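J.: Structure in structure tokens, see below.
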Amino acid sequence: MSTSSFITFVEQLHQHRLMAATLQRFENHPKINNAILLFALWYAVTEHGKLRKQDILTLRSAIQLWHERIVLPLKHIMALLTDSKQPKVMALKSQLQPEALMAGEIELHLLSETLLRMKQLHRNQSQQLVDACYNMVTYCKVVATTLSDEDQQAIVALLLAALPMRSIGEISAQLHHALAQAQLTNHVGAQMELADF
């Protein structure tokens with residue numbers, strides 16, 4: 001699998017009509033790095049299997065400095081400039097926007113080039129779903145965060161976009177199973193309805 005496969009996967013998710021709010025939710029999450037969460041999903045749906053805790057720690061360390069010193073400050077500046085209607089501020093924002101997008105893209109490339117052990121397995125979509133839930137829940141456990149009902153709904157939406165042949169019920173059940181296994185939730189969590197999409 002080429003490193004561009006991960007970049008293409010992320011671009012396709014960003015173009016999906018239902019993903020804007022979902023991806024934005026994790027962009028603004030205080031502990032979850034959207035890029036690593038998407039890598040965990042991609043890793044599973046491209047039949048690479050489950051990420052080990054050490055793999056996730058390696059991914060985090062590979063992008064941590066870049067994320068903290070480049071990506072987050074650019075996001076912060078862009079957020080500060082969002083509401084201004086002053087011409088000079090709008091011009092500055094239009095100049096910074098490509099830089100912020102490029103910083104995010106570089107972060108994706110750094111992630112895609114981090115893990116050398118990328119043996120492709122033969123996994124059906126049910127196994128990919130199990131692996132994806134495991135990977136994303138393990139990442140959340142590594143960063144010591146629990147998932148709110150809204151976070152869980154957003155992950156179900158990501159899984160549905162990445163594995164469209166799986167039902168919402170199956171995805172939701174598998175995510176709740178993974179959360180229970182990781183002991184990241186004390187409750188069953190929100191059930192998603194087809195009408196939510």
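Simple scheme: letters A, B, ... for chains in structure tokens order, numbers from 1 for residues in each chain, numbers from 1 for ligands in the order shown.
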Excluding same-chain residues fewer than 2 positions from Leu72 of chain A, what lies within 12 Å of it counting only C-alpha atoms, as number ranges by chain?
T.: A: 27-30, 33-34, 63-70, 74-79, 100-101, 103-104, 107
J.: Restrict the calculation to only C-alpha atoms, then for each residue of segment 72-149 of chain A with any atom at most 12 Å from an atom of segment 47-53 of chain A give the closest atom pair and their distance in Å to one decimal, rows by chain and rising residue number, as JSON lines.
T.:
{"residue": "A:Leu115", "atom": "CA", "partner": "A:Leu51", "partner_atom": "CA", "distance": 10.0}
{"residue": "A:Leu116", "atom": "CA", "partner": "A:His48", "partner_atom": "CA", "distance": 11.7}
{"residue": "A:Arg117", "atom": "CA", "partner": "A:His48", "partner_atom": "CA", "distance": 9.1}
{"residue": "A:Met118", "atom": "CA", "partner": "A:His48", "partner_atom": "CA", "distance": 6.2}
{"residue": "A:Lys119", "atom": "CA", "partner": "A:His48", "partner_atom": "CA", "distance": 6.0}
{"residue": "A:Gln120", "atom": "CA", "partner": "A:His48", "partner_atom": "CA", "distance": 4.7}
{"residue": "A:Leu121", "atom": "CA", "partner": "A:Glu47", "partner_atom": "CA", "distance": 5.3}
{"residue": "A:His122", "atom": "CA", "partner": "A:Glu47", "partner_atom": "CA", "distance": 6.3}
{"residue": "A:Arg123", "atom": "CA", "partner": "A:Glu47", "partner_atom": "CA", "distance": 5.5}
{"residue": "A:Asn124", "atom": "CA", "partner": "A:Glu47", "partner_atom": "CA", "distance": 8.1}
{"residue": "A:Gln125", "atom": "CA", "partner": "A:Glu47", "partner_atom": "CA", "distance": 8.9}
{"residue": "A:Ser126", "atom": "CA", "partner": "A:Glu47", "partner_atom": "CA", "distance": 11.0}
{"residue": "A:Gln127", "atom": "CA", "partner": "A:Gly49", "partner_atom": "CA", "distance": 8.3}
{"residue": "A:Gln128", "atom": "CA", "partner": "A:Glu47", "partner_atom": "CA", "distance": 6.5}
{"residue": "A:Leu129", "atom": "CA", "partner": "A:Gly49", "partner_atom": "CA", "distance": 9.8}
{"residue": "A:Val130", "atom": "CA", "partner": "A:Lys50", "partner_atom": "CA", "distance": 8.7}
{"residue": "A:Asp131", "atom": "CA", "partner": "A:Lys50", "partner_atom": "CA", "distance": 5.2}
{"residue": "A:Ala132", "atom": "CA", "partner": "A:Lys50", "partner_atom": "CA", "distance": 7.4}
{"residue": "A:Cys133", "atom": "CA", "partner": "A:Lys50", "partner_atom": "CA", "distance": 9.2}
{"residue": "A:Tyr134", "atom": "CA", "partner": "A:Lys50", "partner_atom": "CA", "distance": 6.8}
{"residue": "A:Asn135", "atom": "CA", "partner": "A:Leu51", "partner_atom": "CA", "distance": 5.7}
{"residue": "A:Met136", "atom": "CA", "partner": "A:Leu51", "partner_atom": "CA", "distance": 9.0}
{"residue": "A:Val137", "atom": "CA", "partner": "A:Leu51", "partner_atom": "CA", "distance": 10.5}
{"residue": "A:Thr138", "atom": "CA", "partner": "A:Lys53", "partner_atom": "CA", "distance": 7.0}
{"residue": "A:Tyr139", "atom": "CA", "partner": "A:Lys53", "partner_atom": "CA", "distance": 7.6}
{"residue": "A:Cys140", "atom": "CA", "partner": "A:Lys53", "partner_atom": "CA", "distance": 10.6}
{"residue": "A:Lys141", "atom": "CA", "partner": "A:Lys53", "partner_atom": "CA", "distance": 9.2}
{"residue": "A:Val142", "atom": "CA", "partner": "A:Lys53", "partner_atom": "CA", "distance": 7.1}
{"residue": "A:Val143", "atom": "CA", "partner": "A:Lys53", "partner_atom": "CA", "distance": 10.6}
J.: Can you list, as a ChimeraX atom specification, every residue of segment 17-191 of chain A that DSSP puts in alpha helix (DSSP H)?
T.: /A:19-27,34-45,53-66,72-81,87-112,125-142,149-162,168-182
